[in-house]
Amino acid sequence: MSMTSRNRLWVIGSVAAMVVILLLAWFIGIQPQLSSLQALQAQQQAIDAQNAREQAVLDQLQADADDADQLEAEWQTASASVPDGTGVPAFINQLYALQTSTGVTIERITVSDAAPFVAAAPAVPVDASGDGTTDGSATDASGTDASAPTGTSTDAAAGAATSTTLDASNFATLQIGIEVSGEYSAILEFVHGLQSGARLMLVNEVEVSTAAIDPNAAAAVYDESGELVAPSEDAAAPSHQARIGGFIFSLVNADEAASTQSDLGADQAAGQ
C-alpha cells in the first residue's frame with residue numbers, strides 16, 4: 001500500500017472518528033442537557049403562572065381588606081334581605097312599621113309554612129317551523145304544551161335563575177298574603193315599601209277594590225238645641241281595600257324549619 005493510500009485511510013478514519021465522537025457527545029451529553037433545560041423552562045413557566053394566580057388572590061384579599069367596611073355593610077343588607085331562618089316575627093314587625101309610615105290599615109296577614117326551593121325548568125326552544133313544538137307534542141290554544149306538567153306558584157316564585165349553592169336543602173320560600181285598607185295612594189306606597197324593604201319580598205299579586213262607605217258614618221251631628229256637635233269630615237273621601245300576595249325567601253331547610261304558625265303565635269304573644 002502506498003503512502004498516499006495510507007494517508008487517505010487515516011484521513012477517512014479520523015473524519016469517521018470525529019463524527020462518531022460528535023454523535024456520542026450529542027446523544028450522551030448535549031441532548032440530555034437540552035431536554036433538561038426545556039423541562040426546567042416549562043417548570044419555571046408553571047411556577048410563574050402559579051405565582052401570578054396567587055398574586056391575583058393576594059391582591060383581591062388586599063382589596064377586600066381595604067373595603068372591609070363596605071363588604072360588611074353589603075353582607076348585613078343581604079342577610080336582612082334573605083335571612084338565615086324563616087325570620088317571620090321580624091318580617092311582621094317590618095309590615096307594621098310600613099303600616100305606620102304609609103297610613104294604611106293592615107286587616108290580615110297570612111304566612112304559609114316554608115316550602116323547599118324549586119328551580120324553574122328551562123324554557124323549551126320554539127321550533128323554527130312556528131308550530132311551537134320541538135318534538136311534535138301537542139299544544140293547546142294558548143300555546144302551552146298540553147303534555148307538560150303545570151308549575152306551582154312556588155316554582156314561579158323561585159325564578160328562572162339557578163345557583164350551584166342554593167337548593168331545596170338550604171333555601172326555602174314562604175307564601176305571604178296581606179289584606180290592607182286605606183287610600184289608594186297609600187296602598188300603592190305600601191306595595192312599593194314591600195318591594196323595597198329590608199326583607200326581600202316578591203310581590204306577584206295585587207288586587208284593589210273600592211270599599212263600601214256608610215253614608216252616615218261622617219255626617220254632621222247636632223244636639224237637641226240644634227248646635228253642631230261633630231262636623232262632617234270628608235265624607236266623600238274614597239276608601240279602598242287591597243289583597244296583596246307574594247313570597248319571601250329564607251336560608252333554611254324547609255323540612256326542618258318550625259311551623260311559621262308558631263312564629264306568628266310568639267309574635268302575637270309579644271303584643272304585635
# chains A, B, ... in the order shown; residues from 1 in each chain; ligands from 1
call {"tool": "residues_around", "arguments": {"residues": "Tyr96 in chain A", "least_positions_apart": "6", "cutoff": "10 Å", "atoms": "only C-alpha atoms", "output": "list of chain:residue names"}}
result
A:Thr102, A:Val104, A:Thr105, A:Ile106, A:Gln272
call {"tool": "write_last_selection", "arguments": {"atoms": "N, CA and C atoms", "output": "PDB file, in the first residue's frame"}}
result
ATOM      1  N   THR A 102     -97.055  54.511  56.010  1.00  0.00           N
ATOM      2  CA  THR A 102     -97.883  54.756  54.826  1.00  0.00           C
ATOM      3  C   THR A 102     -99.308  55.176  55.172  1.00  0.00           C
ATOM      4  N   VAL A 104    -101.838  53.067  55.881  1.00  0.00           N
ATOM      5  CA  VAL A 104    -102.842  52.047  55.610  1.00  0.00           C
ATOM      6  C   VAL A 104    -103.147  51.302  56.906  1.00  0.00           C
ATOM      7  N   THR A 105    -104.180  50.490  56.842  1.00  0.00           N
ATOM      8  CA  THR A 105    -104.530  49.643  57.979  1.00  0.00           C
ATOM      9  C   THR A 105    -104.421  48.189  57.554  1.00  0.00           C
ATOM     10  N   ILE A 106    -103.583  47.431  58.239  1.00  0.00           N
ATOM     11  CA  ILE A 106    -103.446  46.005  57.942  1.00  0.00           C
ATOM     12  C   ILE A 106    -104.619  45.270  58.571  1.00  0.00           C
ATOM     13  N   GLN A 272     -97.761  42.125  69.279  1.00  0.00           N
ATOM     14  CA  GLN A 272     -97.889  42.691  67.929  1.00  0.00           C
ATOM     15  C   GLN A 272     -99.334  42.579  67.461  1.00  0.00           C
TER      16      GLN A 272
END
call {"tool": "closest_residue", "arguments": {"among": "A:Pro32, A:Pro116, A:Gly103, A:Pro89", "to": "Ala254 in chain A", "atoms": "only C-alpha atoms"}}
result
A:Pro116
call {"tool": "residues_around", "arguments": {"residues": "Ala97 in chain A", "least_positions_apart": "2", "cutoff": "12 Å", "atoms": "only C-alpha atoms", "output": "list in words"}}
result
Ala90, Phe91, Ile92, Asn93, Gln94, Leu95, Gln99, Thr100, Ser101, Thr102, Gly103, Val104, Thr105, Ile106, Phe190, Gly193, Leu194, Gly197, Ala198 and Gln272 of chain A
call {"tool": "write_last_selection", "arguments": {"atoms": "N, CA, C and O atoms", "output": "PDB file, in the first residue's frame"}}
result
ATOM      1  N   ALA A  90     -89.713  39.082  62.635  1.00  0.00           N
ATOM      2  CA  ALA A  90     -89.078  40.321  62.186  1.00  0.00           C
ATOM      3  C   ALA A  90     -89.775  40.872  60.951  1.00  0.00           C
ATOM      4  O   ALA A  90     -89.919  42.097  60.790  1.00  0.00           O
ATOM      5  N   PHE A  91     -90.230  40.001  60.065  1.00  0.00           N
ATOM      6  CA  PHE A  91     -90.943  40.451  58.873  1.00  0.00           C
ATOM      7  C   PHE A  91     -92.284  41.073  59.250  1.00  0.00           C
ATOM      8  O   PHE A  91     -92.696  42.079  58.667  1.00  0.00           O
ATOM      9  N   ILE A  92     -92.976  40.494  60.223  1.00  0.00           N
ATOM     10  CA  ILE A  92     -94.249  41.066  60.696  1.00  0.00           C
ATOM     11  C   ILE A  92     -94.005  42.453  61.266  1.00  0.00           C
ATOM     12  O   ILE A  92     -94.769  43.395  61.018  1.00  0.00           O
ATOM     13  N   ASN A  93     -92.929  42.619  62.040  1.00  0.00           N
ATOM     14  CA  ASN A  93     -92.587  43.943  62.563  1.00  0.00           C
ATOM     15  C   ASN A  93     -92.351  44.940  61.428  1.00  0.00           C
ATOM     16  O   ASN A  93     -92.735  46.107  61.514  1.00  0.00           O
ATOM     17  N   GLN A  94     -91.707  44.470  60.357  1.00  0.00           N
ATOM     18  CA  GLN A  94     -91.465  45.330  59.198  1.00  0.00           C
ATOM     19  C   GLN A  94     -92.787  45.763  58.570  1.00  0.00           C
ATOM     20  O   GLN A  94     -92.941  46.925  58.162  1.00  0.00           O
ATOM     21  N   LEU A  95     -93.766  44.852  58.507  1.00  0.00           N
ATOM     22  CA  LEU A  95     -95.059  45.187  57.925  1.00  0.00           C
ATOM     23  C   LEU A  95     -95.783  46.236  58.762  1.00  0.00           C
ATOM     24  O   LEU A  95     -96.370  47.189  58.213  1.00  0.00           O
ATOM     25  N   GLN A  99     -96.963  49.942  57.809  1.00  0.00           N
ATOM     26  CA  GLN A  99     -98.329  50.413  58.008  1.00  0.00           C
ATOM     27  C   GLN A  99     -98.325  51.805  58.621  1.00  0.00           C
ATOM     28  O   GLN A  99     -99.052  52.704  58.174  1.00  0.00           O
ATOM     29  N   THR A 100     -97.471  52.008  59.610  1.00  0.00           N
ATOM     30  CA  THR A 100     -97.410  53.306  60.270  1.00  0.00           C
ATOM     31  C   THR A 100     -96.927  54.402  59.336  1.00  0.00           C
ATOM     32  O   THR A 100     -97.458  55.517  59.325  1.00  0.00           O
ATOM     33  N   SER A 101     -95.915  54.085  58.526  1.00  0.00           N
ATOM     34  CA  SER A 101     -95.325  55.105  57.660  1.00  0.00           C
ATOM     35  C   SER A 101     -96.210  55.455  56.466  1.00  0.00           C
ATOM     36  O   SER A 101     -96.142  56.571  55.948  1.00  0.00           O
ATOM     37  N   THR A 102     -97.055  54.511  56.010  1.00  0.00           N
ATOM     38  CA  THR A 102     -97.883  54.756  54.826  1.00  0.00           C
ATOM     39  C   THR A 102     -99.308  55.176  55.172  1.00  0.00           C
ATOM     40  O   THR A 102     -99.985  55.780  54.336  1.00  0.00           O
ATOM     41  N   GLY A 103     -99.768  54.861  56.361  1.00  0.00           N
ATOM     42  CA  GLY A 103    -101.118  55.244  56.758  1.00  0.00           C
ATOM     43  C   GLY A 103    -102.192  54.240  56.406  1.00  0.00           C
ATOM     44  O   GLY A 103    -103.378  54.525  56.601  1.00  0.00           O
ATOM     45  N   VAL A 104    -101.838  53.067  55.881  1.00  0.00           N
ATOM     46  CA  VAL A 104    -102.842  52.047  55.610  1.00  0.00           C
ATOM     47  C   VAL A 104    -103.147  51.302  56.906  1.00  0.00           C
ATOM     48  O   VAL A 104    -102.464  51.458  57.924  1.00  0.00           O
ATOM     49  N   THR A 105    -104.180  50.490  56.842  1.00  0.00           N
ATOM     50  CA  THR A 105    -104.530  49.643  57.979  1.00  0.00           C
ATOM     51  C   THR A 105    -104.421  48.189  57.554  1.00  0.00           C
ATOM     52  O   THR A 105    -105.064  47.776  56.584  1.00  0.00           O
ATOM     53  N   ILE A 106    -103.583  47.431  58.239  1.00  0.00           N
ATOM     54  CA  ILE A 106    -103.446  46.005  57.942  1.00  0.00           C
ATOM     55  C   ILE A 106    -104.619  45.270  58.571  1.00  0.00           C
ATOM     56  O   ILE A 106    -104.814  45.314  59.790  1.00  0.00           O
ATOM     57  N   PHE A 190     -97.605  51.441  50.096  1.00  0.00           N
ATOM     58  CA  PHE A 190     -97.382  50.241  50.905  1.00  0.00           C
ATOM     59  C   PHE A 190     -96.800  49.125  50.053  1.00  0.00           C
ATOM     60  O   PHE A 190     -95.851  48.442  50.457  1.00  0.00           O
ATOM     61  N   GLY A 193     -93.262  49.822  49.329  1.00  0.00           N
ATOM     62  CA  GLY A 193     -92.446  49.541  50.512  1.00  0.00           C
ATOM     63  C   GLY A 193     -92.175  48.060  50.689  1.00  0.00           C
ATOM     64  O   GLY A 193     -91.092  47.673  51.143  1.00  0.00           O
ATOM     65  N   LEU A 194     -93.145  47.213  50.319  1.00  0.00           N
ATOM     66  CA  LEU A 194     -92.926  45.772  50.398  1.00  0.00           C
ATOM     67  C   LEU A 194     -91.807  45.338  49.461  1.00  0.00           C
ATOM     68  O   LEU A 194     -90.998  44.468  49.801  1.00  0.00           O
ATOM     69  N   GLY A 197     -88.266  46.993  50.848  1.00  0.00           N
ATOM     70  CA  GLY A 197     -87.943  46.940  52.258  1.00  0.00           C
ATOM     71  C   GLY A 197     -86.688  46.141  52.544  1.00  0.00           C
ATOM     72  O   GLY A 197     -86.051  45.581  51.643  1.00  0.00           O
ATOM     73  N   ALA A 198     -86.329  46.093  53.826  1.00  0.00           N
ATOM     74  CA  ALA A 198     -85.119  45.367  54.226  1.00  0.00           C
ATOM     75  C   ALA A 198     -85.238  43.884  53.907  1.00  0.00           C
ATOM     76  O   ALA A 198     -84.270  43.259  53.461  1.00  0.00           O
ATOM     77  N   GLN A 272     -97.761  42.125  69.279  1.00  0.00           N
ATOM     78  CA  GLN A 272     -97.889  42.691  67.929  1.00  0.00           C
ATOM     79  C   GLN A 272     -99.334  42.579  67.461  1.00  0.00           C
ATOM     80  O   GLN A 272    -100.033  41.663  67.780  1.00  0.00           O
TER      81      GLN A 272
END
call {"tool": "residues_around", "arguments": {"residues": "His240 in chain A", "least_positions_apart": "2", "cutoff": "8 Å", "atoms": "only C-alpha atoms", "output": "JSON, numbers by chain"}}
result
{"A": [181, 182, 183, 184, 208, 209, 210, 211, 238, 242]}
call {"tool": "atom_distance", "arguments": {"atom1": "CA of Ala114 in chain A", "atom2": "CA of Met201 in chain A"}}
result
14.1 Å
call {"tool": "residues_around", "arguments": {"residues": "range 167-175 of chain A", "least_positions_apart": "6", "cutoff": "8 Å", "atoms": "only C-alpha atoms", "output": "CSV table (one decimal) with N, CA and C atoms, in the first residue's frame"}}
result
chain,number,residue,atom,x,y,z
A,111,VAL,N,-99.2,33.7,56.5
A,111,VAL,CA,-97.9,33.3,56.2
A,111,VAL,C,-97.9,31.7,56.1
A,112,SER,N,-97.6,31.2,55.0
A,112,SER,CA,-97.5,29.7,54.8
A,112,SER,C,-96.3,29.2,55.4
A,113,ASP,N,-96.3,27.9,55.7
A,113,ASP,CA,-95.0,27.2,56.1
A,113,ASP,C,-94.0,27.3,55.0
A,114,ALA,N,-92.7,27.1,55.4
A,114,ALA,CA,-91.7,27.2,54.4
A,114,ALA,C,-91.8,26.0,53.5
A,115,ALA,N,-91.6,26.3,52.2
A,115,ALA,CA,-91.6,25.3,51.1
A,115,ALA,C,-90.2,25.2,50.5
A,116,PRO,N,-89.8,24.0,50.1
A,116,PRO,CA,-88.4,23.9,49.5
A,116,PRO,C,-88.3,24.6,48.2
A,117,PHE,N,-87.2,25.2,48.0
A,117,PHE,CA,-86.9,25.9,46.8
A,117,PHE,C,-86.9,25.0,45.6
A,118,VAL,N,-87.6,25.3,44.5
A,118,VAL,CA,-87.6,24.5,43.3
A,118,VAL,C,-87.3,25.4,42.2
A,119,ALA,N,-86.1,25.1,41.5
A,119,ALA,CA,-85.7,25.9,40.3
A,119,ALA,C,-86.7,25.7,39.2
A,154,THR,N,-95.0,28.3,43.8
A,154,THR,CA,-93.7,28.3,44.4
A,154,THR,C,-92.7,28.2,43.3
A,157,ALA,N,-92.3,31.6,41.8
A,157,ALA,CA,-91.6,32.5,42.7
A,157,ALA,C,-90.1,32.2,42.7
A,158,ALA,N,-89.7,31.0,42.5
A,158,ALA,CA,-88.3,30.7,42.6
A,158,ALA,C,-87.5,31.3,41.5
A,245,GLY,N,-100.4,39.5,47.5
A,245,GLY,CA,-99.7,38.2,47.6
A,245,GLY,C,-98.3,38.2,47.1
A,246,GLY,N,-97.5,37.4,47.6
A,246,GLY,CA,-96.1,37.3,47.2
A,246,GLY,C,-95.4,36.2,48.0
A,247,PHE,N,-94.0,36.3,47.9
A,247,PHE,CA,-93.2,35.4,48.5
A,247,PHE,C,-92.0,36.1,49.2
A,248,ILE,N,-91.6,35.5,50.4
A,248,ILE,CA,-90.3,35.9,51.0
A,248,ILE,C,-89.4,34.6,50.9
A,249,PHE,N,-88.1,34.8,51.2
A,249,PHE,CA,-87.2,33.8,51.0
A,249,PHE,C,-86.3,33.6,52.2
A,250,SER,N,-85.8,32.4,52.5
A,250,SER,CA,-85.1,32.1,53.7
A,250,SER,C,-84.0,31.1,53.4
A,251,LEU,N,-82.8,31.3,54.1
A,251,LEU,CA,-81.8,30.3,54.0
A,251,LEU,C,-82.1,29.2,55.1
A,252,VAL,N,-82.9,28.3,54.8
A,252,VAL,CA,-83.3,27.3,55.8
A,252,VAL,C,-83.8,26.0,55.1
A,253,ASN,N,-83.6,24.9,55.7
A,253,ASN,CA,-84.2,23.6,55.2
A,253,ASN,C,-85.7,23.6,55.6
A,254,ALA,N,-86.5,23.6,54.5
A,254,ALA,CA,-87.9,23.7,54.8
A,254,ALA,C,-88.4,22.5,55.6
call {"tool": "closest_residue", "arguments": {"among": "A:Gln38, A:Gln33, A:Ser196, A:Ile176", "to": "Ile109 in chain A", "atoms": "only C-alpha atoms"}}
result
A:Ile176
call {"tool": "atom_distance", "arguments": {"atom1": "CA of Ser79 in chain A", "atom2": "CA of Gln60 in chain A"}}
result
22.8 Å
call {"tool": "atom_distance", "arguments": {"atom1": "CA of Val180 in chain A", "atom2": "CA of Ile244 in chain A"}}
result
8.1 Å
